[in-house]
Amino acid sequence: MFLLRLLPPLPREISLGVVGLCAGLFLAVMGALHGYGEVTGVAGTVRIANCDHAHGGWRDLWTDGWACQGAFEADDHSVSIRSVAVDGIFDDLPDATVAARVDGPSAHTALQDTSGSWKWPTLTGVVILAFTAWRVCTIRRLLAERRPSAPANAVPA
């Protein structure tokens, strides 16, 4: 953040506006997608068949957790899928079954049933977008200050 203070005001505000727009949209959209999946998805359980180490970037310098897949069975037995990947990374090796939701019988990915934890990222994204909208007003003011003003004795055409 200190390095941003070295930039002139207009480029600093523009760069913070772009970062806020990207971060806010990402959080709001991803949270809304998970919320939509939680509201409209078919509830059930995934019986974990196998889990692999989920590695981070930079040539796998660290291990982030576990990526798992298995068979999905709906609670009402309306949907049964032989193999689905569980969306997300588990910090610890999960138990034999995980509560999840799928979009339908042709789904390849099951969302973990997080019981509404999607609300916090969505709310955070909306707050960031609101703050970014305020920054856009600041950018407009800075741009207006840069425009040359018309002389007071000029006659309008």
# chains A, B, ... in the order shown; residues from 1 in each chain; ligands from 1
$ residues_around --residues "stretch 87-98 of chain A" --least-positions-apart "2" --cutoff "9 Å" --atoms "only C-alpha atoms" --output "VMD selection string"
chain A and resid 44 to 49 51 54 64 to 70 85 100 109 to 113
$ write_last_selection --atoms "C-alpha atoms" --output "CSV table (one decimal), in the first residue's frame"
chain,number,residue,atom,x,y,z
A,44,GLY,CA,-27.3,-35.4,-1.1
A,45,THR,CA,-24.0,-36.9,-0.1
A,46,VAL,CA,-20.8,-37.8,-1.9
A,47,ARG,CA,-19.2,-41.0,-0.8
A,48,ILE,CA,-15.5,-40.2,-1.1
A,49,ALA,CA,-13.7,-42.7,-3.3
A,51,CYS,CA,-8.5,-37.8,-2.6
A,54,ALA,CA,-4.0,-30.3,-4.2
A,64,ASP,CA,-2.8,-26.7,-0.2
A,65,GLY,CA,-5.0,-29.6,0.9
A,66,TRP,CA,-7.1,-32.4,-0.6
A,67,ALA,CA,-9.1,-32.5,-3.8
A,68,CYS,CA,-11.6,-35.3,-3.7
A,69,GLN,CA,-14.1,-37.2,-5.8
A,70,GLY,CA,-16.6,-39.9,-5.4
A,85,ALA,CA,-15.5,-34.1,-8.3
A,100,ALA,CA,-23.1,-31.8,-1.2
A,109,THR,CA,-19.1,-31.3,-10.0
A,110,ALA,CA,-20.8,-31.4,-6.6
A,111,LEU,CA,-20.8,-28.2,-4.4
A,112,GLN,CA,-20.1,-28.7,-0.7
A,113,ASP,CA,-23.2,-28.0,1.3
$ select_by_dssp --residues "chain A" --states "helix (DSSP H, G or I)" --output "JSON, numbers by chain"
{"A": [2, 3, 4, 5, 6, 9, 10, 11, 12, 13, 14, 15, 16, 17, 18, 19, 20, 21, 22, 23, 24, 25, 26, 27, 28, 29, 30, 31, 32, 33, 34, 35, 36, 37, 38, 39, 40, 57, 58, 59, 60, 119, 120, 121, 122, 123, 124, 125, 126, 127, 128, 129, 130, 131, 132, 133, 134, 135, 136, 137, 138, 139, 140, 141, 142, 143, 144, 145, 146]}
$ write_last_selection --atoms "C-alpha atoms" --output "mmCIF file, in the first residue's frame"
data_model
loop_
_atom_site.group_PDB
_atom_site.id
_atom_site.type_symbol
_atom_site.label_atom_id
_atom_site.label_comp_id
_atom_site.auth_asym_id
_atom_site.auth_seq_id
_atom_site.Cartn_x
_atom_site.Cartn_y
_atom_site.Cartn_z
ATOM 1 C CA PHE A 2 2.870 2.357 0.706
ATOM 2 C CA LEU A 3 4.020 2.211 -2.907
ATOM 3 C CA LEU A 4 0.591 3.391 -4.067
ATOM 4 C CA ARG A 5 1.205 6.674 -2.234
ATOM 5 C CA LEU A 6 4.130 7.301 -4.608
ATOM 6 C CA PRO A 9 -3.548 10.919 -7.420
ATOM 7 C CA LEU A 10 -5.266 10.114 -10.739
ATOM 8 C CA PRO A 11 -3.304 6.929 -11.647
ATOM 9 C CA ARG A 12 -3.555 5.800 -8.025
ATOM 10 C CA GLU A 13 -7.334 6.187 -7.982
ATOM 11 C CA ILE A 14 -7.685 4.485 -11.375
ATOM 12 C CA SER A 15 -5.533 1.524 -10.319
ATOM 13 C CA LEU A 16 -7.419 1.136 -7.025
ATOM 14 C CA GLY A 17 -10.713 1.372 -8.941
ATOM 15 C CA VAL A 18 -9.683 -1.392 -11.363
ATOM 16 C CA VAL A 19 -8.493 -3.662 -8.550
ATOM 17 C CA GLY A 20 -11.690 -3.007 -6.576
ATOM 18 C CA LEU A 21 -13.855 -3.715 -9.605
ATOM 19 C CA CYS A 22 -12.096 -7.015 -10.342
ATOM 20 C CA ALA A 23 -12.058 -8.201 -6.712
ATOM 21 C CA GLY A 24 -15.632 -7.101 -6.032
ATOM 22 C CA LEU A 25 -17.007 -8.742 -9.166
ATOM 23 C CA PHE A 26 -15.103 -11.958 -8.486
ATOM 24 C CA LEU A 27 -16.364 -12.258 -4.911
ATOM 25 C CA ALA A 28 -19.924 -11.230 -5.698
ATOM 26 C CA VAL A 29 -20.285 -13.492 -8.742
ATOM 27 C CA MET A 30 -18.642 -16.546 -7.167
ATOM 28 C CA GLY A 31 -20.708 -16.138 -4.008
ATOM 29 C CA ALA A 32 -23.891 -15.701 -6.032
ATOM 30 C CA LEU A 33 -23.119 -18.819 -8.096
ATOM 31 C CA HIS A 34 -22.573 -20.882 -4.953
ATOM 32 C CA GLY A 35 -25.722 -19.428 -3.434
ATOM 33 C CA TYR A 36 -27.699 -20.299 -6.559
ATOM 34 C CA GLY A 37 -26.305 -23.834 -6.468
ATOM 35 C CA GLU A 38 -27.207 -24.164 -2.809
ATOM 36 C CA VAL A 39 -30.751 -22.924 -3.349
ATOM 37 C CA THR A 40 -31.564 -24.838 -6.551
ATOM 38 C CA GLY A 57 1.433 -22.818 -7.882
ATOM 39 C CA TRP A 58 5.105 -22.076 -8.463
ATOM 40 C CA ARG A 59 6.023 -25.633 -9.359
ATOM 41 C CA ASP A 60 4.247 -27.216 -6.408
ATOM 42 C CA LYS A 119 -23.241 -15.033 1.958
ATOM 43 C CA TRP A 120 -20.042 -13.541 3.406
ATOM 44 C CA PRO A 121 -18.027 -13.486 0.165
ATOM 45 C CA THR A 122 -21.050 -12.116 -1.688
ATOM 46 C CA LEU A 123 -21.597 -9.370 0.876
ATOM 47 C CA THR A 124 -17.880 -8.528 0.863
ATOM 48 C CA GLY A 125 -17.932 -8.286 -2.939
ATOM 49 C CA VAL A 126 -20.931 -5.945 -2.860
ATOM 50 C CA VAL A 127 -19.216 -3.714 -0.275
ATOM 51 C CA ILE A 128 -16.043 -3.609 -2.387
ATOM 52 C CA LEU A 129 -18.125 -2.712 -5.454
ATOM 53 C CA ALA A 130 -19.846 0.094 -3.512
ATOM 54 C CA PHE A 131 -16.485 1.435 -2.372
ATOM 55 C CA THR A 132 -15.244 1.226 -5.964
ATOM 56 C CA ALA A 133 -18.272 3.227 -7.129
ATOM 57 C CA TRP A 134 -17.284 5.903 -4.623
ATOM 58 C CA ARG A 135 -13.738 5.794 -6.055
ATOM 59 C CA VAL A 136 -15.148 6.318 -9.564
ATOM 60 C CA CYS A 137 -16.756 9.547 -8.322
ATOM 61 C CA THR A 138 -13.317 10.599 -7.046
ATOM 62 C CA ILE A 139 -11.796 9.773 -10.434
ATOM 63 C CA ARG A 140 -14.451 11.873 -12.178
ATOM 64 C CA ARG A 141 -13.683 14.796 -9.860
ATOM 65 C CA LEU A 142 -9.934 14.466 -10.515
ATOM 66 C CA LEU A 143 -10.530 14.357 -14.266
ATOM 67 C CA ALA A 144 -12.761 17.432 -14.070
ATOM 68 C CA GLU A 145 -10.018 19.302 -12.198
ATOM 69 C CA ARG A 146 -7.524 18.503 -14.975
#
$ select_by_dssp --residues "stretch 15-86 of chain A" --states "strand (DSSP E or B)" --output "ChimeraX atom specification"
/A:42-55,63-74,80-86
$ residues_around --residues "A:Ile81" --least-positions-apart "4" --cutoff "7 Å" --atoms "only C-alpha atoms" --output "PDB file with N, CA and C atoms, in the first residue's frame"
ATOM      1  N   ALA A  71     -18.827 -40.910  -5.464  1.00  0.00           N
ATOM      2  CA  ALA A  71     -20.172 -41.158  -5.991  1.00  0.00           C
ATOM      3  C   ALA A  71     -21.183 -40.311  -5.221  1.00  0.00           C
ATOM      4  N   PHE A  72     -22.124 -39.708  -5.958  1.00  0.00           N
ATOM      5  CA  PHE A  72     -23.161 -38.871  -5.352  1.00  0.00           C
ATOM      6  C   PHE A  72     -24.473 -39.628  -5.310  1.00  0.00           C
ATOM      7  N   GLU A  73     -25.160 -39.499  -4.184  1.00  0.00           N
ATOM      8  CA  GLU A  73     -26.498 -40.076  -4.027  1.00  0.00           C
ATOM      9  C   GLU A  73     -27.377 -39.006  -3.387  1.00  0.00           C
ATOM     10  N   PRO A 105     -28.725 -34.733 -12.841  1.00  0.00           N
ATOM     11  CA  PRO A 105     -28.119 -36.042 -13.084  1.00  0.00           C
ATOM     12  C   PRO A 105     -26.902 -36.000 -14.004  1.00  0.00           C
TER      13      PRO A 105
END
$ closest_residue --among "A:Val86, A:Asp52, A:Pro148, A:Trp118" --to "A:Arg101" --atoms "only C-alpha atoms"
A:Val86
$ residues_around --residues "A:Ser78" --least-positions-apart "2" --cutoff "10 Å" --atoms "only C-alpha atoms" --output "mmCIF file with all heavy atoms, in the first residue's frame"
data_model
loop_
_atom_site.group_PDB
_atom_site.id
_atom_site.type_symbol
_atom_site.label_atom_id
_atom_site.label_comp_id
_atom_site.auth_asym_id
_atom_site.auth_seq_id
_atom_site.Cartn_x
_atom_site.Cartn_y
_atom_site.Cartn_z
ATOM 1 N N VAL A 42 -29.725 -30.221 -5.993
ATOM 2 C CA VAL A 42 -30.296 -31.428 -5.390
ATOM 3 C C VAL A 42 -29.402 -31.830 -4.220
ATOM 4 O O VAL A 42 -28.200 -32.064 -4.394
ATOM 5 C CB VAL A 42 -30.378 -32.576 -6.419
ATOM 6 C CG1 VAL A 42 -30.928 -33.827 -5.778
ATOM 7 C CG2 VAL A 42 -31.195 -32.163 -7.612
ATOM 8 N N ALA A 43 -29.955 -31.884 -3.017
ATOM 9 C CA ALA A 43 -29.185 -32.204 -1.816
ATOM 10 C C ALA A 43 -28.896 -33.697 -1.750
ATOM 11 O O ALA A 43 -29.714 -34.526 -2.148
ATOM 12 C CB ALA A 43 -29.941 -31.761 -0.577
ATOM 13 N N GLY A 44 -27.715 -34.016 -1.238
ATOM 14 C CA GLY A 44 -27.339 -35.411 -1.076
ATOM 15 C C GLY A 44 -25.981 -35.533 -0.428
ATOM 16 O O GLY A 44 -25.507 -34.602 0.227
ATOM 17 N N GLU A 73 -25.160 -39.499 -4.184
ATOM 18 C CA GLU A 73 -26.498 -40.076 -4.027
ATOM 19 C C GLU A 73 -27.377 -39.006 -3.387
ATOM 20 O O GLU A 73 -27.059 -38.473 -2.326
ATOM 21 C CB GLU A 73 -26.460 -41.320 -3.139
ATOM 22 C CG GLU A 73 -27.790 -41.993 -2.944
ATOM 23 C CD GLU A 73 -28.351 -42.614 -4.219
ATOM 24 O OE1 GLU A 73 -27.563 -43.130 -5.023
ATOM 25 O OE2 GLU A 73 -29.585 -42.571 -4.393
ATOM 26 N N ALA A 74 -28.498 -38.683 -4.052
ATOM 27 C CA ALA A 74 -29.419 -37.673 -3.529
ATOM 28 C C ALA A 74 -30.124 -38.199 -2.285
ATOM 29 O O ALA A 74 -30.322 -39.409 -2.127
ATOM 30 C CB ALA A 74 -30.447 -37.296 -4.589
ATOM 31 N N ASP A 75 -30.494 -37.281 -1.403
ATOM 32 C CA ASP A 75 -31.191 -37.671 -0.177
ATOM 33 C C ASP A 75 -32.523 -38.346 -0.474
ATOM 34 O O ASP A 75 -32.934 -39.264 0.233
ATOM 35 C CB ASP A 75 -31.427 -36.442 0.716
ATOM 36 C CG ASP A 75 -30.129 -35.916 1.309
ATOM 37 O OD1 ASP A 75 -29.132 -36.669 1.348
ATOM 38 O OD2 ASP A 75 -30.123 -34.738 1.732
ATOM 39 N N ASP A 76 -33.190 -37.905 -1.534
ATOM 40 C CA ASP A 76 -34.480 -38.503 -1.897
ATOM 41 C C ASP A 76 -34.324 -39.600 -2.955
ATOM 42 O O ASP A 76 -35.308 -40.060 -3.526
ATOM 43 C CB ASP A 76 -35.448 -37.424 -2.384
ATOM 44 C CG ASP A 76 -34.931 -36.686 -3.609
ATOM 45 O OD1 ASP A 76 -33.798 -36.971 -4.058
ATOM 46 O OD2 ASP A 76 -35.667 -35.811 -4.114
ATOM 47 N N SER A 80 -28.539 -40.160 -8.888
ATOM 48 C CA SER A 80 -27.390 -40.969 -8.502
ATOM 49 C C SER A 80 -26.326 -40.805 -9.587
ATOM 50 O O SER A 80 -26.592 -41.083 -10.757
ATOM 51 C CB SER A 80 -27.799 -42.433 -8.366
ATOM 52 O OG SER A 80 -26.689 -43.206 -7.995
ATOM 53 N N GLY A 104 -27.913 -31.533 -11.255
ATOM 54 C CA GLY A 104 -28.818 -32.508 -11.840
ATOM 55 C C GLY A 104 -28.085 -33.799 -12.138
ATOM 56 O O GLY A 104 -26.924 -33.975 -11.785
ATOM 57 N N PRO A 105 -28.725 -34.733 -12.841
ATOM 58 C CA PRO A 105 -28.119 -36.042 -13.084
ATOM 59 C C PRO A 105 -26.902 -36.000 -14.004
ATOM 60 O O PRO A 105 -26.122 -36.935 -14.039
ATOM 61 C CB PRO A 105 -29.248 -36.868 -13.704
ATOM 62 C CG PRO A 105 -30.320 -35.918 -14.056
ATOM 63 C CD PRO A 105 -30.105 -34.662 -13.302
#
